[in-house]
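A.B. asks: One file: start-v2.tsv (TSV, C-alpha atoms and all ligand atoms).
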```
chain	number	residue	atom	x	y	z
A	145	MET	CA	-2.03	-38.80	-63.32
A	146	HIS	CA	-0.97	-39.16	-59.68
A	147	LYS	CA	2.59	-39.85	-60.68
A	148	ASN	CA	4.02	-37.86	-57.79
A	149	HIS	CA	1.62	-39.20	-55.22
A	150	ASN	CA	4.00	-41.44	-53.32
A	151	LYS	CA	7.14	-39.51	-53.97
A	152	GLN	CA	8.79	-37.69	-51.14
A	153	LYS	CA	9.65	-34.05	-51.54
A	154	ILE	CA	13.28	-33.03	-51.38
A	155	LEU	CA	14.48	-29.45	-51.08
A	156	ILE	CA	17.95	-28.78	-52.46
A	157	VAL	CA	19.61	-25.57	-51.34
A	158	ASP	CA	22.79	-24.37	-53.02
A	159	ASP	CA	23.96	-20.99	-54.30
A	160	THR	CA	25.83	-22.58	-57.21
A	161	LYS	CA	23.52	-23.22	-60.15
A	162	ILE	CA	25.46	-26.15	-61.56
A	163	ASN	CA	25.21	-28.02	-58.24
A	164	LEU	CA	21.45	-27.57	-58.23
A	165	ALA	CA	21.30	-28.85	-61.79
A	166	ILE	CA	23.41	-31.95	-61.14
A	167	LEU	CA	21.62	-32.85	-57.91
A	168	THR	CA	18.20	-32.27	-59.44
A	169	ASP	CA	19.11	-34.48	-62.34
A	170	VAL	CA	20.17	-37.40	-60.17
A	171	LEU	CA	17.18	-37.16	-57.78
A	172	LYS	CA	14.30	-36.11	-60.00
A	173	ASP	CA	13.16	-39.62	-60.96
A	174	ASP	CA	12.61	-40.70	-57.36
A	175	TYR	CA	11.69	-37.44	-55.63
A	176	VAL	CA	9.68	-34.31	-56.14
A	177	VAL	CA	12.59	-31.89	-56.30
A	178	VAL	CA	12.34	-28.27	-55.18
A	179	THR	CA	15.37	-25.99	-55.30
A	180	ALA	CA	16.46	-22.80	-53.61
A	181	SER	CA	19.59	-20.77	-54.37
A	182	SER	CA	19.89	-19.06	-50.98
A	183	GLY	CA	19.14	-19.64	-47.33
A	184	GLU	CA	16.48	-16.92	-47.41
A	185	GLN	CA	14.71	-18.50	-50.36
A	186	ALA	CA	14.90	-21.91	-48.70
A	187	LEU	CA	13.18	-20.64	-45.53
A	188	ASP	CA	10.52	-18.84	-47.60
A	189	LEU	CA	9.77	-22.04	-49.50
A	190	ILE	CA	9.69	-24.21	-46.40
A	191	PHE	CA	7.25	-22.00	-44.53
A	192	SER	CA	4.98	-21.18	-47.44
A	193	ASP	CA	4.36	-24.64	-48.92
A	194	THR	CA	3.95	-28.27	-47.85
A	195	LEU	CA	7.01	-29.25	-45.83
A	196	PRO	CA	9.83	-31.09	-47.57
A	197	ASP	CA	10.54	-34.65	-46.37
A	198	ILE	CA	14.25	-34.13	-46.59
A	199	ILE	CA	16.67	-31.22	-47.18
A	200	LEU	CA	20.05	-31.17	-48.91
A	201	LEU	CA	21.74	-28.06	-47.62
A	202	ASP	CA	24.84	-26.19	-48.75
A	203	VAL	CA	26.72	-24.41	-45.95
A	204	VAL	CA	28.57	-21.48	-47.50
A	205	MET	CA	26.13	-19.18	-49.24
A	206	THR	CA	25.84	-15.42	-49.49
A	207	GLY	CA	23.30	-14.24	-46.92
A	208	ILE	CA	22.06	-16.78	-44.38
A	209	SER	CA	24.44	-19.75	-44.13
A	210	GLY	CA	23.31	-23.37	-44.24
A	211	TYR	CA	24.24	-23.71	-40.57
A	212	ASP	CA	21.86	-20.87	-39.70
A	213	VAL	CA	19.07	-22.31	-41.84
A	214	CYS	CA	19.55	-25.59	-39.98
A	215	LYS	CA	19.48	-23.86	-36.59
A	216	LYS	CA	16.28	-22.06	-37.47
A	217	LEU	CA	14.58	-25.28	-38.63
A	218	LYS	CA	15.67	-27.23	-35.57
A	219	ASP	CA	14.33	-24.47	-33.30
A	220	THR	CA	10.88	-24.55	-34.91
A	221	PRO	CA	8.50	-27.32	-33.75
A	222	LEU	CA	6.91	-27.64	-37.18
A	223	THR	CA	10.22	-28.28	-38.94
A	224	LYS	CA	12.49	-29.73	-36.27
A	225	ASN	CA	12.08	-33.31	-37.48
A	226	ILE	CA	12.91	-32.75	-41.14
A	227	PRO	CA	16.15	-34.63	-41.87
A	228	ILE	CA	18.89	-32.28	-43.04
A	229	ILE	CA	21.92	-33.42	-45.01
A	230	PHE	CA	24.71	-30.90	-45.35
A	231	ILE	CA	26.55	-30.92	-48.65
A	232	THR	CA	29.55	-28.64	-48.48
A	233	GLY	CA	33.14	-27.79	-49.20
A	234	LYS	CA	33.69	-27.05	-45.50
A	235	ILE	CA	35.20	-30.42	-44.72
A	236	SER	CA	37.37	-30.06	-41.62
A	237	VAL	CA	36.61	-32.38	-38.73
A	238	GLU	CA	35.46	-29.31	-36.76
A	239	ASP	CA	33.03	-28.27	-39.50
A	240	GLU	CA	31.56	-31.72	-39.81
A	241	THR	CA	31.29	-32.10	-36.03
A	242	TYR	CA	29.51	-28.76	-35.87
A	243	GLY	CA	27.08	-29.82	-38.61
A	244	PHE	CA	26.10	-32.93	-36.66
A	245	LYS	CA	25.87	-30.92	-33.45
A	246	LEU	CA	23.28	-28.72	-35.14
A	247	GLY	CA	21.15	-31.80	-35.75
A	248	ALA	CA	22.04	-32.83	-39.31
A	249	VAL	CA	21.57	-36.52	-40.14
A	250	ASP	CA	24.44	-36.64	-42.61
A	251	TYR	CA	27.35	-34.58	-43.93
A	252	ILE	CA	28.56	-34.90	-47.51
A	253	SER	CA	31.72	-33.22	-48.73
A	254	LYS	CA	32.21	-31.41	-52.00
A	255	PRO	CA	33.20	-32.23	-54.66
A	256	PHE	CA	30.49	-34.84	-54.42
A	257	SER	CA	29.65	-37.98	-56.33
A	258	PRO	CA	26.02	-37.71	-57.50
A	259	VAL	CA	25.52	-41.47	-57.16
A	260	ILE	CA	26.71	-41.48	-53.55
A	261	VAL	CA	24.57	-38.44	-52.73
A	262	LYS	CA	21.60	-40.33	-54.09
A	263	ALA	CA	22.42	-43.44	-52.07
A	264	ARG	CA	22.67	-41.43	-48.86
A	265	VAL	CA	19.49	-39.49	-49.61
A	266	ASN	CA	17.70	-42.78	-50.23
A	267	THR	CA	18.78	-44.12	-46.85
A	268	HIS	CA	17.45	-41.10	-45.00
A	269	SER	CA	14.31	-41.06	-47.08
A	270	GLU	CA	13.54	-44.66	-46.09
A	271	LEU	CA	14.05	-43.81	-42.42
A	272	LYS	CA	11.78	-40.80	-42.78
A	273	LYS	CA	9.06	-42.95	-44.39
A	274	HIS	CA	9.20	-45.42	-41.52
A	275	ARG	CA	9.06	-42.67	-38.95
A	276	ASP	CA	6.08	-41.01	-40.67
A	277	TYR	CA	4.31	-44.36	-40.77
A	278	LEU	CA	4.93	-45.08	-37.10
A	279	GLU	CA	3.78	-41.61	-36.18
A	280	SER	CA	0.61	-41.98	-38.22
A	281	ILE	CA	-0.35	-45.27	-36.59
A	282	SER	CA	0.46	-43.96	-33.13
A	283	TYR	CA	-2.53	-41.65	-33.59
A	284	LEU	CA	-5.03	-44.34	-34.59
A	285	ASP	CA	-7.30	-46.50	-32.50
A	286	GLY	CA	-6.40	-50.16	-33.06
A	287	LEU	CA	-9.96	-51.48	-33.08
A	288	THR	CA	-11.87	-48.93	-35.12
A	289	GLY	CA	-9.18	-47.21	-37.19
A	290	VAL	CA	-10.42	-43.73	-36.28
A	291	PHE	CA	-8.14	-41.35	-34.35
A	292	ASN	CA	-7.33	-42.26	-30.77
A	293	ARG	CA	-7.40	-40.35	-27.51
A	294	ARG	CA	-3.82	-39.20	-27.94
A	295	LYS	CA	-4.62	-37.48	-31.23
A	296	PHE	CA	-7.85	-36.13	-29.78
A	297	ASP	CA	-6.03	-34.51	-26.84
A	298	GLU	CA	-3.40	-32.91	-29.07
A	299	TYR	CA	-5.92	-31.71	-31.62
A	300	LEU	CA	-8.27	-30.27	-29.03
A	301	TRP	CA	-5.42	-28.33	-27.49
A	302	GLU	CA	-4.22	-27.01	-30.87
A	303	GLN	CA	-7.70	-25.99	-31.97
A	304	LEU	CA	-8.47	-24.40	-28.63
A	305	ASN	CA	-5.46	-22.13	-29.09
A	306	TYR	CA	-6.32	-21.48	-32.70
A	307	CYS	CA	-9.92	-20.55	-31.89
A	308	PHE	CA	-8.82	-18.40	-28.96
A	309	ASN	CA	-6.38	-16.49	-31.18
A	310	THR	CA	-8.77	-16.08	-34.09
A	311	ASN	CA	-12.00	-15.60	-32.15
A	312	ARG	CA	-13.62	-18.66	-33.69
A	313	LYS	CA	-16.14	-21.05	-32.27
A	314	LEU	CA	-14.90	-24.43	-31.08
A	315	SER	CA	-17.32	-27.31	-30.65
A	316	LEU	CA	-16.79	-30.60	-28.93
A	317	MET	CA	-19.25	-33.43	-29.32
A	318	ILE	CA	-19.10	-36.56	-27.18
A	319	PHE	CA	-21.31	-39.45	-28.11
A	320	ASP	CA	-21.86	-42.56	-26.09
A	321	ILE	CA	-23.68	-45.74	-27.05
A	322	ASP	CA	-26.86	-46.29	-25.07
A	323	HIS	CA	-27.09	-49.45	-22.95
A	324	PHE	CA	-23.97	-50.90	-24.45
A	325	LYS	CA	-23.31	-53.05	-21.42
A	326	ALA	CA	-26.60	-54.77	-22.19
A	327	TYR	CA	-25.42	-55.23	-25.79
A	328	ASN	CA	-22.27	-56.99	-24.66
A	329	ASP	CA	-24.20	-59.07	-22.16
A	330	LEU	CA	-26.59	-60.31	-24.82
A	331	TYR	CA	-24.38	-60.67	-27.91
A	332	GLY	CA	-20.94	-61.08	-26.38
A	333	HIS	CA	-17.87	-58.87	-26.28
A	334	GLU	CA	-16.72	-59.88	-29.77
A	335	GLU	CA	-19.99	-58.68	-31.30
A	336	GLY	CA	-19.66	-55.57	-29.16
A	337	ASP	CA	-16.33	-54.86	-30.85
A	338	GLN	CA	-17.92	-55.31	-34.27
A	339	CYS	CA	-20.62	-52.87	-33.27
A	340	LEU	CA	-18.03	-50.26	-32.27
A	341	LYS	CA	-16.35	-50.70	-35.65
A	342	LYS	CA	-19.64	-50.19	-37.45
A	343	ILE	CA	-20.44	-47.05	-35.50
A	344	ALA	CA	-16.95	-45.68	-36.24
A	345	SER	CA	-17.08	-46.33	-39.96
A	346	MET	CA	-20.63	-44.99	-40.18
A	347	THR	CA	-19.65	-41.68	-38.64
A	348	SER	CA	-16.03	-41.08	-39.67
A	349	GLU	CA	-16.67	-40.30	-43.32
A	350	TYR	CA	-19.48	-37.91	-42.50
A	351	THR	CA	-17.40	-36.15	-39.83
A	352	CYS	CA	-14.57	-35.78	-42.31
A	353	GLU	CA	-16.96	-34.37	-44.90
A	354	LYS	CA	-17.99	-31.76	-42.33
A	355	LYS	CA	-14.31	-30.94	-41.68
A	356	GLY	CA	-14.38	-32.38	-38.19
A	357	LEU	CA	-12.06	-34.78	-36.42
A	358	LEU	CA	-13.48	-38.02	-35.04
A	359	ALA	CA	-11.73	-39.97	-32.31
A	360	ARG	CA	-12.51	-42.92	-30.10
A	361	TYR	CA	-12.51	-41.14	-26.80
A	362	GLY	CA	-13.01	-44.08	-24.49
A	363	GLY	CA	-14.46	-47.60	-24.51
A	364	GLU	CA	-17.80	-46.97	-26.17
A	365	GLU	CA	-17.53	-43.22	-26.44
A	366	PHE	CA	-16.53	-41.22	-29.48
A	367	ALA	CA	-15.74	-37.53	-29.68
A	368	SER	CA	-15.58	-35.09	-32.53
A	369	ILE	CA	-14.21	-31.59	-32.80
A	370	PHE	CA	-15.45	-28.87	-35.14
A	371	VAL	CA	-14.01	-25.44	-35.77
A	372	GLY	CA	-15.92	-22.38	-36.88
A	373	ASP	CA	-19.40	-23.90	-37.15
A	374	SER	CA	-22.40	-22.16	-35.58
A	375	ASN	CA	-24.45	-23.80	-32.80
A	376	GLU	CA	-27.14	-24.61	-35.36
A	377	GLU	CA	-24.65	-26.24	-37.74
A	378	VAL	CA	-23.08	-28.32	-35.00
A	379	PHE	CA	-26.45	-29.39	-33.68
A	380	GLU	CA	-27.46	-30.46	-37.19
A	381	ILE	CA	-24.28	-32.49	-37.60
A	382	ALA	CA	-24.97	-34.20	-34.27
A	383	GLU	CA	-28.54	-34.87	-35.29
A	384	ASN	CA	-27.37	-36.44	-38.55
A	385	ILE	CA	-24.96	-38.67	-36.64
A	386	ARG	CA	-27.64	-39.70	-34.16
A	387	LYS	CA	-30.03	-40.42	-37.02
A	388	LYS	CA	-27.49	-42.33	-39.12
A	389	ILE	CA	-26.92	-44.72	-36.21
A	390	TYR	CA	-30.62	-44.91	-35.35
A	391	ASP	CA	-31.57	-45.64	-38.97
A	392	SER	CA	-29.01	-48.41	-39.31
A	393	LYS	CA	-31.02	-50.40	-36.75
A	394	ILE	CA	-28.18	-52.54	-35.39
A	395	PRO	CA	-30.16	-54.87	-33.09
A	396	ASN	CA	-29.84	-54.34	-29.34
A	397	GLU	CA	-32.79	-56.32	-28.02
A	398	ASN	CA	-31.85	-55.51	-24.43
A	399	SER	CA	-31.76	-51.74	-24.82
A	400	LEU	CA	-34.34	-49.92	-22.77
A	401	VAL	CA	-34.62	-47.19	-25.46
A	402	GLU	CA	-35.33	-49.06	-28.70
A	403	PRO	CA	-34.62	-52.67	-29.73
A	404	PHE	CA	-31.59	-51.39	-31.64
A	405	VAL	CA	-28.40	-49.39	-31.04
A	406	THR	CA	-28.81	-45.70	-30.29
A	407	VAL	CA	-26.45	-42.98	-29.08
A	408	SER	CA	-26.71	-40.00	-26.78
A	409	ILE	CA	-24.71	-36.89	-27.60
A	410	GLY	CA	-23.45	-34.03	-25.45
A	411	ILE	CA	-22.08	-30.87	-27.06
A	412	ALA	CA	-19.96	-28.01	-25.75
A	413	SER	CA	-19.64	-25.05	-28.07
A	414	VAL	CA	-17.78	-21.85	-27.22
A	415	ILE	CA	-15.58	-19.08	-28.52
A	416	PRO	CA	-12.68	-19.74	-26.13
A	417	THR	CA	-11.68	-17.12	-23.56
A	418	GLN	CA	-8.79	-17.04	-21.07
A	419	GLU	CA	-10.88	-19.27	-18.82
A	420	THR	CA	-11.53	-22.00	-21.40
A	421	SER	CA	-9.38	-25.13	-21.17
A	422	CYS	CA	-9.50	-28.59	-22.74
A	423	LYS	CA	-10.67	-29.82	-19.36
A	424	SER	CA	-13.49	-27.29	-19.14
A	425	MET	CA	-14.62	-28.13	-22.68
A	426	ILE	CA	-14.69	-31.85	-21.92
A	427	GLU	CA	-16.48	-31.33	-18.62
A	428	SER	CA	-19.07	-29.19	-20.29
A	429	ALA	CA	-19.71	-31.72	-23.11
A	430	ASP	CA	-19.81	-34.51	-20.52
A	431	LYS	CA	-22.38	-32.63	-18.49
A	432	GLN	CA	-24.62	-32.34	-21.54
A	433	LEU	CA	-24.10	-36.01	-22.32
A	434	TYR	CA	-25.15	-36.88	-18.79
A	435	LEU	CA	-28.24	-34.75	-19.25
A	436	ALA	CA	-29.09	-36.54	-22.51
A	437	LYS	CA	-28.73	-39.88	-20.73
A	438	LYS	CA	-30.85	-38.77	-17.80
A	439	THR	CA	-33.65	-37.38	-19.93
A	440	GLY	CA	-34.30	-40.39	-22.13
A	441	ARG	CA	-31.16	-41.20	-24.24
A	442	ASN	CA	-31.08	-41.34	-28.08
A	443	LYS	CA	-30.91	-37.55	-28.03
A	444	ILE	CA	-28.65	-34.53	-28.13
A	445	CYS	CA	-28.08	-31.92	-25.43
A	446	MET	CA	-26.03	-28.76	-25.90
A	501	LIG	P1	-25.44	-45.85	-20.89
A	501	LIG	O1	-26.62	-45.86	-21.80
A	501	LIG	O2	-25.72	-45.14	-19.62
A	501	LIG	O3	-24.22	-45.32	-21.54
A	501	LIG	O4	-25.18	-47.36	-20.49
A	501	LIG	P2	-23.98	-48.30	-20.92
A	501	LIG	O5	-24.33	-49.69	-20.58
A	501	LIG	O6	-23.64	-48.05	-22.34
A	501	LIG	O7	-22.82	-47.70	-20.07
A	501	LIG	P3	-21.80	-48.35	-19.08
A	501	LIG	O8	-20.79	-47.30	-18.81
A	501	LIG	O9	-22.52	-48.95	-17.90
A	501	LIG	O10	-21.17	-49.53	-19.88
A	501	LIG	C1	-20.31	-49.32	-20.93
A	501	LIG	C2	-20.02	-50.64	-21.56
A	501	LIG	O11	-19.22	-50.53	-22.70
A	501	LIG	C3	-19.34	-51.59	-20.63
A	501	LIG	C4	-18.20	-52.13	-21.39
A	501	LIG	O12	-18.13	-53.53	-21.33
A	501	LIG	C5	-18.46	-51.71	-22.82
A	501	LIG	N1	-17.25	-51.48	-23.54
A	501	LIG	C6	-16.32	-50.51	-23.32
A	501	LIG	N2	-15.30	-50.66	-24.19
A	501	LIG	C7	-15.57	-51.73	-24.96
A	501	LIG	C8	-14.87	-52.37	-26.03
A	501	LIG	O13	-13.80	-51.99	-26.45
A	501	LIG	N3	-15.47	-53.46	-26.59
A	501	LIG	C9	-16.68	-53.93	-26.16
A	501	LIG	N4	-17.18	-54.98	-26.76
A	501	LIG	N5	-17.32	-53.34	-25.14
A	501	LIG	C10	-16.79	-52.25	-24.55
A	502	MG	MG	27.86	-22.52	-51.67
A	503	MG	MG	-19.79	-44.61	-21.48
A	504	MG	MG	-22.94	-46.10	-22.92
```
Kindly transcribe the structure held in the file into structure tokens.
C.D. replies:
Amino acid sequence: MHKNHNKQKILIVDDTKINLAILTDVLKDDYVVVTASSGEQALDLIFSDTLPDIILLDVVMTGISGYDVCKKLKDTPLTKNIPIIFITGKISVEDETYGFKLGAVDYISKPFSPVIVKARVNTHSELKKHRDYLESISYLDGLTGVFNRRKFDEYLWEQLNYCFNTNRKLSLMIFDIDHFKAYNDLYGHEEGDQCLKKIASMTSEYTCEKKGLLARYGGEEFASIFVGDSNEEVFEIAENIRKKIYDSKIPNENSLVEPFVTVSIGIASVIPTQETSCKSMIESADKQLYLAKKTGRNKICM
């Protein structure tokens, strides 16, 4: 059923039908193949669907040339990292040099050997897989497996802009384990780590279900970001998180709140204006968190 699940998507662009047919035939077993017969159609496809992992690009076409398609993709942040392989009859040293200068990863001359095209595509596809993998782990926290601070910072910035432009509400929730120093002191740092893992796995699925992003924000602090939810909805999500952790009754005999692990949560929720920044959002959530701590812990302030 999920036959295509692990296959990379390749976009083949060529204005000669027979080339599309031959290339599709040689690549279709290993890739999800999408074809375009002009530069215009290629750009439409790229920007209207999930991005291709790799592009095989003819140069001479009526309308937008392959060089110009490449330029456009390299100038756009969303598409600048897609590997592009030119496949063309323009085979002078100058042409090939120009192709590489535009950012192509490879340059194949026509007439082409389908088997060699496939071998070269495979090489670049492997590199792309490795790069995607490295990028994905660079956004994860090593201990808990949820997103890390780096991802959190990028995502907050993106969503702040998105909410500003679309007049949507942006909510930031920071939650901090109560008396966690006491936990470590009593059970040891190793157990403390296990506790952080438990808290992360307990909350990440739920946050995902609610279309939020959960990150480990600092040592024993987590943060989540929600877009478009009302104050009431966000408060309810926070309450469910607080309760989930409370109900799991992970022992913390030294806590001054309850003899088990609890969290305090601070929430900032705004429709961003010119004055709103990531920093102001974080400060505002932090202020509420401080208030929750000061007024008894195991509670939410917003
Ligand atoms: P409060 O209720 O005010 O938040 O008190 P607290 O003790 O939780 O806060 P404090 O900031 O005094 O201490 C935080 C503790 O969290 C201290 C530190 O050892 C622990 N901590 C931070 N990161 C980690 C980690 O990665 N692993 C473990 N085991 N402990 C951590
Ligand atoms: Mg052509
Ligand atoms: Mg803390
Ligand atoms: Mg704490």
A.B. asks: Around ligand MG 504 (chain A), which protein and nucleic acid residues have at least one atom no more than 8 Å from it, if we count only C-alpha atoms and all ligand atoms? List them as number ranges by chain.
C.D. replies: A: 320-325, 364-365, 407
A.B. asks: Which of these residues is nearest to ligand MG 503 (chain A), using all atoms listed in the file: A:Ser280, A:Gln338, A:Ser408, A:Thr241?
C.D. replies: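 Looking at the shortest contact to ligand MG 503 (chain A), the residue is A:Ser408.
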A.B. asks: Can I get the residues close to ligand MG 502 (chain A) as a PDB file with C-alpha atoms, keeping the file's coordinate frame, where close means within 6 Å and we count all atoms listed in the file?
C.D. replies:
```pdb
ATOM      1  CA  ASP A 158      22.790 -24.370 -53.020  1.00  0.00           C
ATOM      2  CA  ASP A 159      23.960 -20.990 -54.300  1.00  0.00           C
ATOM      3  CA  THR A 160      25.830 -22.580 -57.210  1.00  0.00           C
ATOM      4  CA  ASP A 202      24.840 -26.190 -48.750  1.00  0.00           C
ATOM      5  CA  VAL A 204      28.570 -21.480 -47.500  1.00  0.00           C
ATOM      6  CA  MET A 205      26.130 -19.180 -49.240  1.00  0.00           C
TER       7      MET A 205
END
```
A.B. asks: Ligand LIG 501 (chain A): which residues are within 12 Å, counting all atoms listed in the file, as an MDAnalysis selection string?
C.D. replies: chainID A and resid 285:288 318:342 360:366 396 398:402 405:410 430 433:443
A.B. asks: Which of these residues is nearest to A:Val261, using all atoms listed in the file: A:Leu195, A:Val213, A:Val177, A:Val170?
C.D. replies: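 Nearest to A:Val261: A:Val170.
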A.B. asks: Measuring atom to atom with only C-alpha atoms, identify which of A:Leu155, A:Leu316, A:Ala165, A:Val203 is nearest to A:Ile190.
C.D. replies: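 Looking only at the distances to A:Ile190, the closest residue turns out to be A:Leu155.
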